[in-house]
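Below is one structure, written out as structure tokens; the observations come after it.
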Amino acid sequence: MSDTIKTIGVLTSGGDAPGMNAAIRAVVRKAIQNGVAVKGIKRGYQGLLAEEIVDMNKSSVSDTIQKGGTILGTARCSEFVTEEGQAKGAEICRKHGIDGIVVIGGDGSYRGALALSKQGINTVGIPGTIDLDIACTDYTIGFDTAINTAMQAIDKVRDTSSSHERCSIIEVMGRNAGYIALWCGVANGAEDILIPEKYDYNEQNIINNIIQNRKKGKKHHIIINAEGIGHSTSMARRIEAATGIETRATILGYMQRGGSPTCKDRFYASIMGAYAADILCEGKTNRVVGYRNGDFTDFDIDEALAMTKDIPEYEFMVSRQLSQ
């Protein structure tokens, strides 16, 4: 398809997300279909600097679409934050004949892609993060699987919380974004949803809510607490002391990143991966693939990183109303 792009690399960076393998698979197979060779870069930018680079073909990604995690591995890389590390990465790409790279990850991964683009390596990013916190896209790979994993776990905690007439604080992931907490709070019928974007840190309001609900005959009280607020264990101790009601904290943690991706994550990842391979083979660079208003599209990385995103006010209002 392109007279200039002969070989592309693909890597996954930052936190792993279910569906990354579907994206890798799509990049590899679409690029090969376009007549372009593909090299897999293991362990993200760390693996790039260590030259952990392997040839990939269609068979390399067989039987991977249903697997969680990332077959290429991922790692944080402090060296790649430096100009020296970025220049070294670009030189290694040229050494291995890599004309362009598809980077699957979050906004931190995009900053690495931006740096490579400035060094003359064509780059395209794909949003792979369970946090749904990338402003240029309505959807990020891994979010659907993560919220379904969390939802099922919260249902189980709710059962035992009701049996023991407890208050349960369940902490979900999301870094500094509250999307997982909001979605699970609504889907699980939580009495309180605490998200960084909206929480006023007035714990007395929560205590009052618990006491009022107990007087109404409620046998349990579910609080979904976002990772960006955290401190669930100490919060549980304070609430128990103030209410006299047994209160337990459950931190779901990394289980939300694992597991076989849902159909939605596999589908979106596949389309995004194919889209990334196509625009990279066309010679585009410094782009991020996104899903906006029902369409798959792409943005300039600088533009994407400058965008901001917040919890929709109406969705938060409804979450409060339905919990009463």
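Going through the structure tokens in order, the chains are called A, B, and so on, while each chain numbers its residues from 1 and the ligands are numbered from 1 in the order shown.
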
Selection: 7 Å around Cys167 in chain A, only C-alpha atoms, excl. self and same-chain fewer than 2 positions, as an MDAnalysis selection string
chainID A and resid 161 169 220:222 245:248

Residues from the last selection, N, CA and C atoms, saved as a PDB file, in the first residue's frame:
ATOM      1  N   SER A 161     -22.529  -9.371  52.079  1.00  0.00           N
ATOM      2  CA  SER A 161     -22.769  -8.161  52.863  1.00  0.00           C
ATOM      3  C   SER A 161     -24.202  -8.145  53.384  1.00  0.00           C
ATOM      4  N   ILE A 169     -17.312  -1.444  51.584  1.00  0.00           N
ATOM      5  CA  ILE A 169     -16.639  -0.490  50.703  1.00  0.00           C
ATOM      6  C   ILE A 169     -15.841  -1.302  49.698  1.00  0.00           C
ATOM      7  N   HIS A 220     -27.972  -3.994  54.008  1.00  0.00           N
ATOM      8  CA  HIS A 220     -26.580  -3.793  53.608  1.00  0.00           C
ATOM      9  C   HIS A 220     -26.422  -2.370  53.074  1.00  0.00           C
ATOM     10  N   HIS A 221     -25.180  -1.969  52.907  1.00  0.00           N
ATOM     11  CA  HIS A 221     -24.894  -0.660  52.308  1.00  0.00           C
ATOM     12  C   HIS A 221     -23.623  -0.819  51.484  1.00  0.00           C
ATOM     13  N   ILE A 222     -23.737  -0.627  50.185  1.00  0.00           N
ATOM     14  CA  ILE A 222     -22.600  -0.806  49.275  1.00  0.00           C
ATOM     15  C   ILE A 222     -22.052   0.561  48.870  1.00  0.00           C
ATOM     16  N   ILE A 245     -21.960  -0.133  62.825  1.00  0.00           N
ATOM     17  CA  ILE A 245     -22.313  -1.182  61.857  1.00  0.00           C
ATOM     18  C   ILE A 245     -21.031  -1.800  61.312  1.00  0.00           C
ATOM     19  N   GLU A 246     -20.969  -3.117  61.336  1.00  0.00           N
ATOM     20  CA  GLU A 246     -19.781  -3.807  60.819  1.00  0.00           C
ATOM     21  C   GLU A 246     -19.513  -3.363  59.388  1.00  0.00           C
ATOM     22  N   THR A 247     -18.292  -2.906  59.130  1.00  0.00           N
ATOM     23  CA  THR A 247     -17.927  -2.359  57.817  1.00  0.00           C
ATOM     24  C   THR A 247     -16.638  -3.012  57.344  1.00  0.00           C
ATOM     25  N   ARG A 248     -16.652  -3.493  56.120  1.00  0.00           N
ATOM     26  CA  ARG A 248     -15.480  -4.174  55.568  1.00  0.00           C
ATOM     27  C   ARG A 248     -15.088  -3.542  54.229  1.00  0.00           C
TER      28      ARG A 248
END

Spatial neighbours of range 74-85 of chain A, 10 Å, only C-alpha atoms, chain gap at least 5 places, as a list of chain:residue names
A:Leu11, A:Thr12, A:Ser13, A:Gly14, A:Gly15, A:Asp16, A:Ile41, A:Lys42, A:Arg43, A:Gly44, A:Tyr45, A:Gln46, A:Gly47, A:Leu48, A:Leu49, A:Gly69, A:Ala90, A:Glu91, A:Gly105, A:Gly108, A:Ser109, A:Arg111, A:Gly112, A:Ala115, A:Leu116, A:Gln119

Computed interatomic separation between CA of Gly9 in chain A and CA of Ile101 in chain A (Å)
4.5 Å

With only C-alpha atoms as the basis for distance, which of A:Ile224, A:Ile206, A:Ile98, A:Leu252 is at the shortest distance from Trp183 in chain A?
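Counting only C-alpha atoms, the residue closest to Trp183 in chain A is A:Ile224.
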
What are the DSSP strand (DSSP E or B) residues of range 151-255 of chain A, as a list in words?
Cys167, Ser168, Ile169, Ile170, Glu171, Val172, Asp192, Ile193, Leu194, His221, Ile222, Ile223, Ile224, Asn225, Ala226, Thr247, Arg248, Ala249, Thr250 and Ile251 of chain A

Calculated over only C-alpha atoms, which of the candidates A:Met307, A:Ala31, A:Val38, A:Ile271 has the smallest distance to Ile126 in chain A?
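Closest residue, counting only C-alpha atoms: A:Ile271.
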
From A:Ile210, A:Met272, A:Gly228, A:Val10, residue lying nearest Ala113 in chain A [only C-alpha atoms]:
A:Val10

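In this structure, CA of Gly259 in chain A sits 19.9 Å away from CA of Glu227 in chain A.
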
Which residues in range 27-97 of chain A does DSSP call alpha helix (DSSP H)? List them as a count of residues only.
26

Can you work out which one of A:Met235, A:Val186, A:Ile207, A:Ile141 has the shortest atom-to-atom distance to Tyr291 in chain A, counting only C-alpha atoms?
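Smallest distance to Tyr291 in chain A is found for A:Ile141.
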
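Shortest separation to Gly142 in chain A among A:Gly185, A:Gly128, A:Pro312, A:Gly73 occurs at residue A:Gly128, atoms counted being only C-alpha atoms.
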
Contacts of Thr297 in chain A at 10 Å or less, counting only C-alpha atoms, minus same-chain residues fewer than 4 places along, as a ChimeraX atom specification?
/A:136-137,272,275-276,287-293

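Residue nearest Arg29 in chain A within the list A:Ser319, A:Asn57, A:Gln152, A:Thr4: A:Asn57 [criterion: smallest interatomic distance, only C-alpha atoms].
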
Report, in Å with one decimal, the straight-line distance from CA of Phe316 in chain A to CA of Cys263 in chain A.
26.6 Å

For Ala181 in chain A, list every protein, DNA or RNA residue within 10 Å, evaluated using only C-alpha atoms, and leave out those in the same chain fewer than 4 positions away; present the list as a PDB file with N, CA and C atoms, in the first residue's frame.
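The new file part_5.pdb reads:
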ATOM      1  N   ASP A 131      -9.091   2.290  32.070  1.00  0.00           N
ATOM      2  CA  ASP A 131      -9.548   3.463  32.812  1.00  0.00           C
ATOM      3  C   ASP A 131     -10.527   4.359  32.053  1.00  0.00           C
ATOM      4  N   ILE A 147     -15.109  -3.562  33.637  1.00  0.00           N
ATOM      5  CA  ILE A 147     -16.327  -3.253  34.384  1.00  0.00           C
ATOM      6  C   ILE A 147     -17.180  -4.499  34.585  1.00  0.00           C
ATOM      7  N   ALA A 150     -15.473  -6.441  37.428  1.00  0.00           N
ATOM      8  CA  ALA A 150     -15.760  -5.772  38.698  1.00  0.00           C
ATOM      9  C   ALA A 150     -17.213  -5.945  39.103  1.00  0.00           C
ATOM     10  N   MET A 151     -18.121  -5.808  38.154  1.00  0.00           N
ATOM     11  CA  MET A 151     -19.549  -5.936  38.444  1.00  0.00           C
ATOM     12  C   MET A 151     -19.873  -7.304  39.042  1.00  0.00           C
ATOM     13  N   ILE A 170     -16.158  -1.149  48.440  1.00  0.00           N
ATOM     14  CA  ILE A 170     -15.482  -1.932  47.400  1.00  0.00           C
ATOM     15  C   ILE A 170     -14.711  -0.968  46.507  1.00  0.00           C
ATOM     16  N   GLU A 171     -13.406  -1.122  46.508  1.00  0.00           N
ATOM     17  CA  GLU A 171     -12.534  -0.220  45.747  1.00  0.00           C
ATOM     18  C   GLU A 171     -12.226  -0.805  44.375  1.00  0.00           C
ATOM     19  N   VAL A 172     -12.502  -0.003  43.354  1.00  0.00           N
ATOM     20  CA  VAL A 172     -12.243  -0.429  41.980  1.00  0.00           C
ATOM     21  C   VAL A 172     -11.111   0.413  41.392  1.00  0.00           C
ATOM     22  N   MET A 173     -10.554  -0.068  40.277  1.00  0.00           N
ATOM     23  CA  MET A 173      -9.437   0.627  39.653  1.00  0.00           C
ATOM     24  C   MET A 173      -9.928   1.804  38.806  1.00  0.00           C
ATOM     25  N   GLY A 174      -8.994   2.459  38.117  1.00  0.00           N
ATOM     26  CA  GLY A 174      -9.343   3.603  37.294  1.00  0.00           C
ATOM     27  C   GLY A 174      -8.347   4.734  37.400  1.00  0.00           C
ATOM     28  N   ALA A 177      -9.336   8.473  37.376  1.00  0.00           N
ATOM     29  CA  ALA A 177     -10.630   8.619  36.700  1.00  0.00           C
ATOM     30  C   ALA A 177     -11.679   7.758  37.383  1.00  0.00           C
ATOM     31  N   GLY A 185     -21.080   1.365  40.005  1.00  0.00           N
ATOM     32  CA  GLY A 185     -21.983   1.861  41.028  1.00  0.00           C
ATOM     33  C   GLY A 185     -23.426   1.828  40.571  1.00  0.00           C
ATOM     34  N   VAL A 186     -23.656   2.246  39.331  1.00  0.00           N
ATOM     35  CA  VAL A 186     -25.009   2.208  38.773  1.00  0.00           C
ATOM     36  C   VAL A 186     -25.439   0.765  38.505  1.00  0.00           C
ATOM     37  N   ALA A 187     -24.571  -0.017  37.867  1.00  0.00           N
ATOM     38  CA  ALA A 187     -24.919  -1.389  37.483  1.00  0.00           C
ATOM     39  C   ALA A 187     -25.127  -2.295  38.688  1.00  0.00           C
ATOM     40  N   ALA A 190     -25.313   0.465  43.878  1.00  0.00           N
ATOM     41  CA  ALA A 190     -24.630   0.910  45.098  1.00  0.00           C
ATOM     42  C   ALA A 190     -25.364   2.078  45.751  1.00  0.00           C
ATOM     43  N   ILE A 193     -21.461   6.206  45.610  1.00  0.00           N
ATOM     44  CA  ILE A 193     -20.422   6.082  44.585  1.00  0.00           C
ATOM     45  C   ILE A 193     -19.443   7.237  44.780  1.00  0.00           C
ATOM     46  N   LEU A 194     -18.196   6.907  45.045  1.00  0.00           N
ATOM     47  CA  LEU A 194     -17.184   7.929  45.319  1.00  0.00           C
ATOM     48  C   LEU A 194     -16.188   7.976  44.161  1.00  0.00           C
ATOM     49  N   ILE A 195     -16.177   9.105  43.445  1.00  0.00           N
ATOM     50  CA  ILE A 195     -15.269   9.254  42.312  1.00  0.00           C
ATOM     51  C   ILE A 195     -14.468  10.538  42.468  1.00  0.00           C
ATOM     52  N   PRO A 196     -13.213  10.558  42.024  1.00  0.00           N
ATOM     53  CA  PRO A 196     -12.346  11.733  42.222  1.00  0.00           C
ATOM     54  C   PRO A 196     -12.910  13.020  41.642  1.00  0.00           C
ATOM     55  N   ILE A 223     -20.770   0.737  49.096  1.00  0.00           N
ATOM     56  CA  ILE A 223     -20.063   1.954  48.683  1.00  0.00           C
ATOM     57  C   ILE A 223     -19.031   1.549  47.637  1.00  0.00           C
ATOM     58  N   ILE A 224     -19.144   2.091  46.441  1.00  0.00           N
ATOM     59  CA  ILE A 224     -18.120   1.868  45.414  1.00  0.00           C
ATOM     60  C   ILE A 224     -17.144   3.035  45.490  1.00  0.00           C
ATOM     61  N   ASN A 225     -15.904   2.715  45.753  1.00  0.00           N
ATOM     62  CA  ASN A 225     -14.868   3.730  45.950  1.00  0.00           C
ATOM     63  C   ASN A 225     -13.827   3.636  44.839  1.00  0.00           C
ATOM     64  N   ALA A 226     -13.581   4.746  44.162  1.00  0.00           N
ATOM     65  CA  ALA A 226     -12.613   4.756  43.066  1.00  0.00           C
ATOM     66  C   ALA A 226     -11.187   4.755  43.594  1.00  0.00           C
ATOM     67  N   GLU A 227     -10.310   4.147  42.828  1.00  0.00           N
ATOM     68  CA  GLU A 227      -8.891   4.065  43.173  1.00  0.00           C
ATOM     69  C   GLU A 227      -8.293   5.447  43.416  1.00  0.00           C
TER      70      GLU A 227
END
